[in-house]
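Participant: Here's a structure for you.
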Amino acid sequence: MREAGVTVLTVGVFAWSRIEPRPGARDFGWLDRALDLLHASGLRAFLATPTASPPPWLGHLRPETLPVDADGRRLGYGSRNQFCPSAPAYREHALALVEDLAARYASHPALAAWHAGNELGQVCWCDQSAAHFRRWLRARYGDLDALNEAWGTAVWSQGYGDWDEVLPPRRAPYVVNPAQRLDYRRFSSDALLEHYRAERAILRRHAPDVPVTTNLVHLWTVVDQWAFAAETDVVALDLYGDPEDPAAHVDTALGCDVARSLGGGRPWVLMEQAAGAVSWRTRNLPKRPGQVRLWSLQAVARGADAVCFFQWRASRAGAEKFHSAMLPHAGPGARVHREVAALGADLARLRAVAGARLDARVAIVLDWHSWWALEQAGHPRQDLRLADQLAAFYRPLWEAGIAVDFAHPEGDLARYALVVAPNLYLVTDAGAANLAARAAGGGTLLMGFFSGVVDEADRVRWPPAFRNVLGISMEEFHPLAEDEKLWCVSDALGRFEAGFWAEHLHAESAQAIAVIEAGDLAGVPAVLRNAHGRGAAWYVATRPEPAAMAALTRLVCAEAGVAAAAPAPPGVEAVRRGDVLFLLNHGEGEAVVALDGPHLDLLSGAARDGAVTLGRFGAAALRPERRLP
Amino acid sequence: MREAGVTVLTVGVFAWSRIEPRPGARDFGWLDRALDLLHASGLRAFLATPTASPPPWLGHLRPETLPVDADGRRLGYGSRNQFCPSAPAYREHALALVEDLAARYASHPALAAWHAGNELGQVCWCDQSAAHFRRWLRARYGDLDALNEAWGTAVWSQGYGDWDEVLPPRRAPYVVNPAQRLDYRRFSSDALLEHYRAERAILRRHAPDVPVTTNLVHLWTVVDQWAFAAETDVVALDLYGDPEDPAAHVDTALGCDVARSLGGGRPWVLMEQAAGAVSWRTRNLPKRPGQVRLWSLQAVARGADAVCFFQWRASRAGAEKFHSAMLPHAGPGARVHREVAALGADLARLRAVAGARLDARVAIVLDWHSWWALEQAGHPRQDLRLADQLAAFYRPLWEAGIAVDFAHPEGDLARYALVVAPNLYLVTDAGAANLAARAAGGGTLLMGFFSGVVDEADRVRWPPAFRNVLGISMEEFHPLAEDEKLWCVSDALGRFEAGFWAEHLHAESAQAIAVIEAGDLAGVPAVLRNAHGRGAAWYVATRPEPAAMAALTRLVCAEAGVAAAAPAPPGVEAVRRGDVLFLLNHGEGEAVVALDGPHLDLLSGAARDGAVTLGRFGAAALRPERRLP
Amino acid sequence: MREAGVTVLTVGVFAWSRIEPRPGARDFGWLDRALDLLHASGLRAFLATPTASPPPWLGHLRPETLPVDADGRRLGYGSRNQFCPSAPAYREHALALVEDLAARYASHPALAAWHAGNELGQVCWCDQSAAHFRRWLRARYGDLDALNEAWGTAVWSQGYGDWDEVLPPRRAPYVVNPAQRLDYRRFSSDALLEHYRAERAILRRHAPDVPVTTNLVHLWTVVDQWAFAAETDVVALDLYGDPEDPAAHVDTALGCDVARSLGGGRPWVLMEQAAGAVSWRTRNLPKRPGQVRLWSLQAVARGADAVCFFQWRASRAGAEKFHSAMLPHAGPGARVHREVAALGADLARLRAVAGARLDARVAIVLDWHSWWALEQAGHPRQDLRLADQLAAFYRPLWEAGIAVDFAHPEGDLARYALVVAPNLYLVTDAGAANLAARAAGGGTLLMGFFSGVVDEADRVRWPPAFRNVLGISMEEFHPLAEDEKLWCVSDALGRFEAGFWAEHLHAESAQAIAVIEAGDLAGVPAVLRNAHGRGAAWYVATRPEPAAMAALTRLVCAEAGVAAAAPAPPGVEAVRRGDVLFLLNHGEGEAVVALDGPHLDLLSGAARDGAVTLGRFGAAALRPERRLP
């Protein structure tokens, strides 16, 4: 590990059955030795509470700790994650263990931070969860009248007359009430958060100054990551770009930006990535030579102060034995290990970057509650996915080299010249006012279709929330047929193709930027711009082809006065963190990037001026040097 | 509503929890006010029994009322339809409510008809259903010997020695006995019908002169619609053509013809259609401008005396909030509402048509029992669907402008010159004799492949039932490989391609009309004609390409002496109801239709002679005028 | 039957409810009459124990005999196979019945052999199975420490502290421990085998000299067919080639070779095949004219001494009523029956072949344990199927007319010049040594990718087991992207395309035969040859296109000195059994095969010299004749 430049390790995830092999037993000896050895070797630990995978004895003795799915099937052990976050017996056993772990290691010199649980995301539908859900609903709504109103139970004879009647949205003969389902997603996220907070309270009591975190998973929808991030001392992300996807590096860039933004711009920890292939996709391609370095540097460029891997050494047994590792089965001579070890040296050269922040003047609005609501059944089309909308708006910004934060719709947007909402199906009054205020205050708002449609109880708002700021009136959503394409005409964007979705809307104060050329919607605007207060709001009522999205992005950024970190050729990612300009070449060939003055490449140690040449998958981390007079 | 020409409303579907918010409570106040207001406004009501969606309290207090699926999972509430039609507790609560509803409103002046339940179709597999199934089987078979014989339980060691052993066809390790499954479909339909009849008995006791109906769903297979229609005073149909399907108007025409035929030709009620998009398909496209009028007029042309919509006003909440409405979220200014309101005026102009009948000389044979049997597992191919066969034979008749009824195989066929059986896999002796008699009596029979194969217990008949009337002997069914095409040669039909299915059969008295050109079946007839008594029977042993089906249809219709309602260009539907000729242009462009004399267009009020020009999606309802001498 | 040349019938499969219509009752009268009639007619019986399908009364009275699936759902009766092999109540009832059956018929003159059960393959997950699994595990591992070590329970906190905690790998929140799943497959196979042995013990006690068998299913993975075959007196195979598959005859050839090899080369019984179509595929095409004869002769050519069919007469009722039969619904005049009857005569002409053996000098390694392990989740790609690998290596050998046996990896390989392991993911130390010894001893080994990767507990071996014999070092598995193709260059094989899989490996002592041309793996060997002891080992690290596999096969066979049974044109299968050369023309057209001397065609009775001409789907069985001087 020292040779590979490792400085910190996550220890103890899934170690419950090793620490407590029988109910109430404690075997800390092996962990004592491990932590002492780390300390003696100059390494530090993210010490995990092992509560994400209870041992078989717990499921055997207390089957009510095992989760139940929406069909009523109780799931077994033999895998991992088999717990109900609402089960008192689970929580008692888990917290007792955390108590003893915290007491024992709170002062251990190797302890760098606590890592509570792991990829928290278990949802349960059992009767204990039902009771917990009812308590949660009472706190949210106060009385049943309010719940009946919020859930719209007048529809389909669903009125509740007694709290005991209220249940999780279990399997039913037909579509279950969408507000009930939405609240169950909220509750499930909160139930996990409640348990996380209980663990954290114990850890903090024993070690008030040691940071606590838990690892979030890139674009997972199970928990509200804003809520979790607010309860962590540092955001930790698990990010597994897919080497089979030619655009994986854009997706990972987005993940890094989300992680940084969840922490309010503070440095974050890339807690898990793969040294090579994972083992859970249909096809698990290795990372290509150089990609592990390039994608790790991307995380640093985008704000990470720690770059970790799952896992150090490949296991011989178990469900993940073909998951890559820093030290693979093939040993230290393998390419993967050599690249990882070289990365360790690279990261050491970038220590000066630690702590530095990015300066983004664009924010993309992201809200898990809207996401949950958007992807429910019964919508104009059932295959509208937020991830697709995020990618459609993020990618042209990435290609243009423009730094992007993510923001909660009710977050502080004041520092952003451009606010992008690829989709905001559900929006609270406060969120809607917040976005409108940014435009009114001089910002530019760029919004995708089917936004502002429902309130926080998934009840239709009509007119939709952004009518005034967008200067449009909505008449009807108009999903397109399979493979149907519309041609749009536009002076500003050229003639372009669009698909998937359209809207029968009317420009009120807005100006049509692009108009549908023919068909039933001939003449209906597809892209609009509305001057609003001191700013403007743009609306994209369809899914334009990528070239049109790129053109639109250029136009909107120009209006907002937002510019690239640095000019760079296609495939080269340019990101400025603090005063260091990262250039990352994701292309197959060499790329030459012009520089605006002399720089020192922290990675190579070489001085660069005029231009820098990046090899295939090459990178530079350039600190401006003062030019001698 | 008055402005939109509305005259009747369905009220109270799914209102159980509003009427009985707690067990035994009754809250009729809101319904009193609603019905009084309707009456005061000159509107009338189809008053629904709200029994299709029990309130949460019933499932909570009496979980045995909740349905169980074939896997043994009890389904929950929170959606709708969550009842077991065989559960005594469900039936008691439902009928007590119907009793009070009927007593209260039997004499209300706004009451036009009763609407019992809604889209009855819930199937349950619980132990109460099992006991009910056994009672039903005892009544059907008398003793176990008869059941064992009918079910063929000698196969696979399934002999029953005690009635208590007999169960619904629940999940098993491999394919379940097909006769048992078929009987369970019969039973499930009958169990729903039994409950419907129990509701109807109460309604009739309180209001002997008020018609009772329930809404059937277009081409649903859950219940035997002949059996239900026989118990309704007027047939009511829910018909949702898919705007994404370019042939949707042919499918809806078929639906209208089925509805009319279920009622023996009497006028029927289009109980539900969408004003625009639905919300339950993968992609829910709006109806195109003009289609809501055109498809509504199609229903009138094909015998409907009422054209209703689900729903008047779009809801803000619940699972169907994106389902279109006569009054959409966007309000009365929206295109959808304007079209609906204009339709109200159109319908008022067609009052003279009410009560008139269509004169069809072609019948298509349709039987739910055969349908259920046809689509079971273990057949020569598993993807043979009756709906595809119906469409294959219906479409060329539609295109030829020929009026079609649907008929039960044991129904009175005497008035039909041509009887078409696209598929009649299962046929009773009586049904087989009935079809044969029509041919013998001078009619023409046109039959599709894999017909007459089993008796009512799904036991193979060999030779198949129609050997004599068709004049063929069957040797072997011969499904074709994926994407395999056969060429057929025919003097009468030309050379054509066929696919999906073939049969190794031999012409006995039949004459080969088309013959397979090459391959293992070279020389085997694919289309045959057999003179039978005073008529003839045609057999189509494959799935010819559409052009060949059209040619065959022309030939057969010519032989049967069946002609179009009126000559019309492609895309224009011509239907004569009473003395009014409806011309409906489903094409994108203008169409000109020649007339055989002077007519009055009831829709426009204009006199037409020589020809009438229909715009895109345009329509005319032409009453012949006497030409002055 | 006599007219059709039938000599033996399987009787009594699934007859439990006829023999024991009520608990404890016995009705043997019908079976007495059937067997007496057979005997009187000169026919003999494979008499089945009817235990594969218990009657409804057993499931009703003793529901614990019904199987439970991995989701915990108890499956019902009404189908077949509904038993838990570990349920004491099932075993008691089944064995009591076997006892009485054996006692009654042990001396019946018609009895040719016992047929115990039918296609044994039921897996159960109930608590009785769990207890049985624990007993099996105790016998395998002795103590929990050994089990924990073998299962790698240190991963994911799965350590077991008490035997009672150990369960079948039931549904869990995520991937279940692969070693646990592998052991459950072993256990499930053994549980069925245990029951089979219990039945056999009774049968042997009553009739020590009557052979006992059970029918195995072609390429089924449920049971370890080596283990079952070792307990049968004659191997019996069910083999249903798919007439829709143009390469079905290669697949059936493989099936025949497996059946023969399972019995150590002894003659085997083709217990079930279809006379025409089956009824359980999506599309069930009939066999083409001549195919039933051709494929039956193929079985004889490849070692079968009996060729049977499921079924004699087509049933009118039940789930298989559209399955073809020797006597179809259409009766004895039908083509299917005429072909079957003619086959009877053909088989009579081949009596001289009975008992003769094939002489194969090539063995393909096949191991069910490796197969089970290979197809578990969590691998470099999830769609790697052993059947595809077997086909990829078997087909070029078939095309080259080379006789092939199958062999267990620990079996005696001494007589094989060439040993092929298309894939041997899991291998024991003994198996690995056995294969290596064959190469060292002068044989040629040809091995496919991803072999030798894990030990018998599915724990990674690194280096993989065959490093030395193959002369390579493995660095990383490298599945290819969807539709990705690699070009490989090779002096010996020409330039060829490959797909699906590659490996980042290094030649040590091996010589690269083909090398990847470009991309990240440019220069990495894709096919290698390593001299090893007195022999050599070849390795194929990718999936070459068929032409390259054919070229490689020629090369390897030439090196091993393995030659075709006889030269034959494409599509003609040449197999030598004893001294008879079978020529089977699977092609559509006539084929001419040169002969090396005078032969007598046993089928036609004609003398052949110089060449023989085979019609479409034609066959010859040629016995060399001494040429007169």
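Every chain in the structure tokens has a letter given in the order shown (A, B, ...), and although residue numbers restart at 1 in each chain, ligands are simply numbered from 1 in the order shown.
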Among the residues of region 334-505 of chain B, find those DSSP assigns to strand (DSSP E or B) from the backbone and print them as a JSON list (two decimals) with N, CA, C and O atoms, in the first residue's frame.
Facilitator:
```
[["chain", "number", "residue", "atom", "x", "y", "z"],
["B", 358, "LEU", "N", -79.00, -0.78, -38.00],
["B", 358, "LEU", "CA", -78.19, -1.06, -39.19],
["B", 358, "LEU", "C", -78.65, -2.38, -39.78],
["B", 358, "LEU", "O", -79.13, -3.26, -39.06],
["B", 362, "VAL", "N", -73.61, -9.53, -43.09],
["B", 362, "VAL", "CA", -72.41, -10.31, -42.77],
["B", 362, "VAL", "C", -72.30, -10.41, -41.25],
["B", 362, "VAL", "O", -72.50, -9.42, -40.56],
["B", 363, "ALA", "N", -71.97, -11.60, -40.76],
["B", 363, "ALA", "CA", -71.73, -11.76, -39.32],
["B", 363, "ALA", "C", -70.36, -12.38, -39.11],
["B", 363, "ALA", "O", -69.97, -13.31, -39.82],
["B", 364, "ILE", "N", -69.66, -11.82, -38.15],
["B", 364, "ILE", "CA", -68.40, -12.44, -37.71],
["B", 364, "ILE", "C", -68.67, -13.17, -36.40],
["B", 364, "ILE", "O", -69.25, -12.60, -35.48],
["B", 365, "VAL", "N", -68.25, -14.40, -36.35],
["B", 365, "VAL", "CA", -68.50, -15.23, -35.18],
["B", 365, "VAL", "C", -67.48, -14.93, -34.10],
["B", 365, "VAL", "O", -66.27, -14.85, -34.38],
["B", 381, "ARG", "N", -48.53, -22.96, -31.78],
["B", 381, "ARG", "CA", -47.69, -21.82, -31.45],
["B", 381, "ARG", "C", -48.37, -21.02, -30.35],
["B", 381, "ARG", "O", -49.59, -21.01, -30.25],
["B", 404, "VAL", "N", -71.14, -5.13, -40.90],
["B", 404, "VAL", "CA", -70.84, -6.40, -40.24],
["B", 404, "VAL", "C", -71.46, -6.42, -38.86],
["B", 404, "VAL", "O", -71.35, -5.46, -38.11],
["B", 405, "ASP", "N", -72.12, -7.50, -38.54],
["B", 405, "ASP", "CA", -72.49, -7.79, -37.16],
["B", 405, "ASP", "C", -71.54, -8.83, -36.59],
["B", 405, "ASP", "O", -70.83, -9.52, -37.34],
["B", 406, "PHE", "N", -71.55, -8.94, -35.28],
["B", 406, "PHE", "CA", -70.88, -10.07, -34.64],
["B", 406, "PHE", "C", -71.97, -11.01, -34.12],
["B", 406, "PHE", "O", -73.07, -10.55, -33.78],
["B", 407, "ALA", "N", -71.64, -12.28, -34.09],
["B", 407, "ALA", "CA", -72.66, -13.26, -33.68],
["B", 407, "ALA", "C", -72.02, -14.34, -32.83],
["B", 407, "ALA", "O", -70.86, -14.70, -33.01],
["B", 418, "LEU", "N", -73.44, -13.96, -45.36],
["B", 418, "LEU", "CA", -72.05, -14.38, -45.19],
["B", 418, "LEU", "C", -71.75, -14.46, -43.69],
["B", 418, "LEU", "O", -72.01, -13.50, -42.94],
["B", 419, "VAL", "N", -71.21, -15.58, -43.28],
["B", 419, "VAL", "CA", -70.80, -15.77, -41.89],
["B", 419, "VAL", "C", -69.29, -16.01, -41.88],
["B", 419, "VAL", "O", -68.81, -16.91, -42.58],
["B", 420, "VAL", "N", -68.58, -15.19, -41.11],
["B", 420, "VAL", "CA", -67.12, -15.25, -41.08],
["B", 420, "VAL", "C", -66.68, -15.72, -39.70],
["B", 420, "VAL", "O", -67.12, -15.17, -38.69],
["B", 421, "ALA", "N", -65.84, -16.75, -39.68],
["B", 421, "ALA", "CA", -65.28, -17.21, -38.40],
["B", 421, "ALA", "C", -63.76, -17.11, -38.51],
["B", 421, "ALA", "O", -63.10, -18.04, -38.98],
["B", 426, "LEU", "N", -62.44, -23.51, -30.36],
["B", 426, "LEU", "CA", -63.37, -24.34, -29.57],
["B", 426, "LEU", "C", -64.77, -24.13, -30.13],
["B", 426, "LEU", "O", -65.19, -22.99, -30.36],
["B", 444, "THR", "N", -73.00, -18.28, -47.15],
["B", 444, "THR", "CA", -71.59, -18.49, -47.40],
["B", 444, "THR", "C", -70.86, -18.43, -46.05],
["B", 444, "THR", "O", -71.12, -17.53, -45.25],
["B", 445, "LEU", "N", -69.99, -19.40, -45.85],
["B", 445, "LEU", "CA", -69.21, -19.45, -44.61],
["B", 445, "LEU", "C", -67.75, -19.21, -44.98],
["B", 445, "LEU", "O", -67.25, -19.81, -45.94],
["B", 446, "LEU", "N", -67.08, -18.32, -44.24],
["B", 446, "LEU", "CA", -65.66, -18.05, -44.47],
["B", 446, "LEU", "C", -64.95, -18.28, -43.14],
["B", 446, "LEU", "O", -65.22, -17.57, -42.16],
["B", 447, "MET", "N", -64.05, -19.25, -43.12],
["B", 447, "MET", "CA", -63.49, -19.68, -41.85],
["B", 447, "MET", "C", -61.96, -19.61, -41.87],
["B", 447, "MET", "O", -61.34, -19.97, -42.87],
["B", 448, "GLY", "N", -61.41, -19.15, -40.76],
["B", 448, "GLY", "CA", -59.95, -19.11, -40.63],
["B", 448, "GLY", "C", -59.41, -20.39, -40.01],
["B", 448, "GLY", "O", -60.16, -21.23, -39.51],
["B", 454, "VAL", "N", -61.37, -28.20, -30.90],
["B", 454, "VAL", "CA", -61.70, -28.83, -29.61],
["B", 454, "VAL", "C", -63.17, -28.65, -29.28],
["B", 454, "VAL", "O", -63.85, -27.75, -29.80],
["B", 460, "VAL", "N", -59.61, -32.47, -27.90],
["B", 460, "VAL", "CA", -59.44, -32.46, -29.36],
["B", 460, "VAL", "C", -60.59, -33.21, -30.04],
["B", 460, "VAL", "O", -60.95, -34.32, -29.63],
["B", 472, "ILE", "N", -62.73, -30.85, -46.31],
["B", 472, "ILE", "CA", -61.29, -31.10, -46.21],
["B", 472, "ILE", "C", -61.03, -32.17, -45.17],
["B", 472, "ILE", "O", -61.87, -32.46, -44.32],
["B", 473, "SER", "N", -59.86, -32.78, -45.27],
["B", 473, "SER", "CA", -59.41, -33.58, -44.14],
["B", 473, "SER", "C", -58.09, -32.99, -43.66],
["B", 473, "SER", "O", -57.23, -32.60, -44.45],
["B", 474, "MET", "N", -58.00, -32.91, -42.35],
["B", 474, "MET", "CA", -56.83, -32.29, -41.74],
["B", 474, "MET", "C", -55.82, -33.36, -41.41],
["B", 474, "MET", "O", -56.18, -34.43, -40.92],
["B", 475, "GLU", "N", -54.56, -33.07, -41.69],
["B", 475, "GLU", "CA", -53.54, -34.03, -41.30],
["B", 475, "GLU", "C", -52.71, -33.50, -40.14],
["B", 475, "GLU", "O", -52.50, -34.19, -39.16],
["B", 476, "GLU", "N", -52.25, -32.25, -40.26],
["B", 476, "GLU", "CA", -51.29, -31.77, -39.25],
["B", 476, "GLU", "C", -51.28, -30.23, -39.30],
["B", 476, "GLU", "O", -51.29, -29.64, -40.37],
["B", 477, "PHE", "N", -51.23, -29.61, -38.13],
["B", 477, "PHE", "CA", -51.03, -28.16, -38.08],
["B", 477, "PHE", "C", -49.56, -27.87, -38.34],
["B", 477, "PHE", "O", -48.69, -28.63, -37.94],
["B", 478, "HIS", "N", -49.31, -26.76, -38.96],
["B", 478, "HIS", "CA", -47.96, -26.53, -39.46],
["B", 478, "HIS", "C", -47.56, -25.07, -39.25],
["B", 478, "HIS", "O", -47.46, -24.30, -40.21],
["B", 479, "PRO", "N", -47.34, -24.66, -38.00],
["B", 479, "PRO", "CA", -46.91, -23.27, -37.78],
["B", 479, "PRO", "C", -45.62, -23.01, -38.53],
["B", 479, "PRO", "O", -44.79, -23.91, -38.71],
["B", 485, "LYS", "N", -41.96, -17.02, -44.84],
["B", 485, "LYS", "CA", -43.05, -16.67, -45.74],
["B", 485, "LYS", "C", -43.24, -17.81, -46.73],
["B", 485, "LYS", "O", -42.27, -18.41, -47.19],
["B", 486, "LEU", "N", -44.46, -18.06, -47.05],
["B", 486, "LEU", "CA", -44.81, -19.01, -48.11],
["B", 486, "LEU", "C", -45.38, -18.23, -49.29],
["B", 486, "LEU", "O", -46.16, -17.31, -49.10],
["B", 487, "TRP", "N", -45.07, -18.68, -50.48],
["B", 487, "TRP", "CA", -45.78, -18.13, -51.64],
["B", 487, "TRP", "C", -46.92, -19.07, -51.99],
["B", 487, "TRP", "O", -46.75, -20.29, -52.00],
["B", 488, "CYS", "N", -48.05, -18.48, -52.29],
["B", 488, "CYS", "CA", -49.21, -19.25, -52.71],
["B", 488, "CYS", "C", -49.58, -18.80, -54.12],
["B", 488, "CYS", "O", -49.46, -17.62, -54.46],
["B", 489, "VAL", "N", -50.04, -19.75, -54.90],
["B", 489, "VAL", "CA", -50.49, -19.40, -56.26],
["B", 489, "VAL", "C", -51.99, -19.69, -56.35],
["B", 489, "VAL", "O", -52.50, -20.62, -55.75],
["B", 496, "PHE", "N", -49.57, -14.77, -54.02],
["B", 496, "PHE", "CA", -49.47, -13.94, -52.82],
["B", 496, "PHE", "C", -48.61, -14.61, -51.75],
["B", 496, "PHE", "O", -48.37, -15.81, -51.80],
["B", 497, "GLU", "N", -48.17, -13.78, -50.84],
["B", 497, "GLU", "CA", -47.36, -14.26, -49.72],
["B", 497, "GLU", "C", -48.24, -14.52, -48.52],
["B", 497, "GLU", "O", -49.24, -13.82, -48.30],
["B", 498, "ALA", "N", -47.85, -15.51, -47.75],
["B", 498, "ALA", "CA", -48.58, -15.80, -46.52],
["B", 498, "ALA", "C", -47.55, -16.13, -45.44],
["B", 498, "ALA", "O", -46.39, -16.42, -45.75],
["B", 499, "GLY", "N", -47.98, -16.10, -44.21],
["B", 499, "GLY", "CA", -47.04, -16.35, -43.13],
["B", 499, "GLY", "C", -47.73, -16.91, -41.91],
["B", 499, "GLY", "O", -48.93, -17.22, -41.93],
["B", 501, "TRP", "N", -48.65, -19.34, -40.27],
["B", 501, "TRP", "CA", -49.34, -20.61, -40.04],
["B", 501, "TRP", "C", -49.61, -21.28, -41.38],
["B", 501, "TRP", "O", -49.83, -20.60, -42.39],
["B", 502, "ALA", "N", -49.59, -22.59, -41.38],
["B", 502, "ALA", "CA", -50.09, -23.34, -42.52],
["B", 502, "ALA", "C", -50.66, -24.63, -41.96],
["B", 502, "ALA", "O", -50.54, -24.91, -40.76],
["B", 503, "GLU", "N", -51.30, -25.37, -42.82],
["B", 503, "GLU", "CA", -51.85, -26.65, -42.38],
["B", 503, "GLU", "C", -51.60, -27.68, -43.46],
["B", 503, "GLU", "O", -51.75, -27.39, -44.66],
["B", 504, "HIS", "N", -51.21, -28.85, -43.00],
["B", 504, "HIS", "CA", -51.11, -29.96, -43.92],
["B", 504, "HIS", "C", -52.49, -30.59, -43.99],
["B", 504, "HIS", "O", -52.88, -31.35, -43.10],
["B", 505, "LEU", "N", -53.23, -30.22, -45.01],
["B", 505, "LEU", "CA", -54.61, -30.71, -45.13],
["B", 505, "LEU", "C", -54.81, -31.25, -46.53],
["B", 505, "LEU", "O", -53.98, -31.07, -47.43]]
```
Participant: Closest to Glu573 (chain A) among A:Arg302, A:His93, A:Arg313, A:Arg181, using only C-alpha atoms?
Facilitator: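 Of all the options, A:Arg302 lies closest to Glu573 (chain A).
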Participant: Distance CA of Ala110 (chain C)-CA of Gln225 (chain C), one decimal place?
Facilitator: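 Separation of CA of Ala110 (chain C) and CA of Gln225 (chain C): 28.4 Å.
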Participant: Enter the distance from CA of Gly42 (chain C) to CA of Val580 (chain C), in Å, rounded to one decimal.
Facilitator: 28.5 Å
Participant: CA of Ala248 (chain A) and CA of Gly263 (chain A) are how many Å apart?
Facilitator: 23.1 Å
Participant: Please identify the alpha helix (DSSP H) residues within region 17-172 of chain A (assignment by DSSP from backbone atoms) and present them as a PyMOL selection string.
Facilitator: chain A and resi 17-19+29-40+56-61+88-105+127-141+144-151
Participant: Could you check the closest approach to Pro85 (chain A) for each of A:Arg138, A:Ala392, A:Leu192, A:Arg104 and tell me which residue wins, using only C-alpha atoms?
Facilitator: A:Leu192
Participant: Near Met549 (chain A), within 10 Å and counting only C-alpha atoms, which residues show up once chain neighbours fewer than 6 positions away are dropped, as a ChimeraX atom specification?
Facilitator: /A:392-397,493,496,540,543,555
Participant: Any idea what's packed within 8 Å of Pro88 (chain A), counting only C-alpha atoms, ignoring anything in its chain fewer than 3 positions away? Could you give it as a list of chain:residue names?
Facilitator: A:Thr65, A:Arg91, A:Glu92
Participant: For region 621-623 of chain B, please output as a PyMOL selection string all residues within 10 Å (counting only C-alpha atoms; exclusion window: fewer than 3 positions along the same chain).
Facilitator: chain B and resi 297+301+349-350+353+574-584+595+598-608+612+626
Participant: List as a list in words the protein and nucleic acid residues near Ser107 (chain C), meaning an atom at most 10 Å away when only C-alpha atoms are counted, but skip any in the same chain fewer than 5 places from it.
Facilitator: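 The filter keeps Ala102, His206, Ala207 and Val210 of chain C.
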Participant: What's the 9 Å shell around Leu111 (chain A), counting only C-alpha atoms, without same-chain residues fewer than 2 positions away, as number ranges by chain?
Facilitator: A: 35, 39, 44-47, 105-109, 113-114, 210
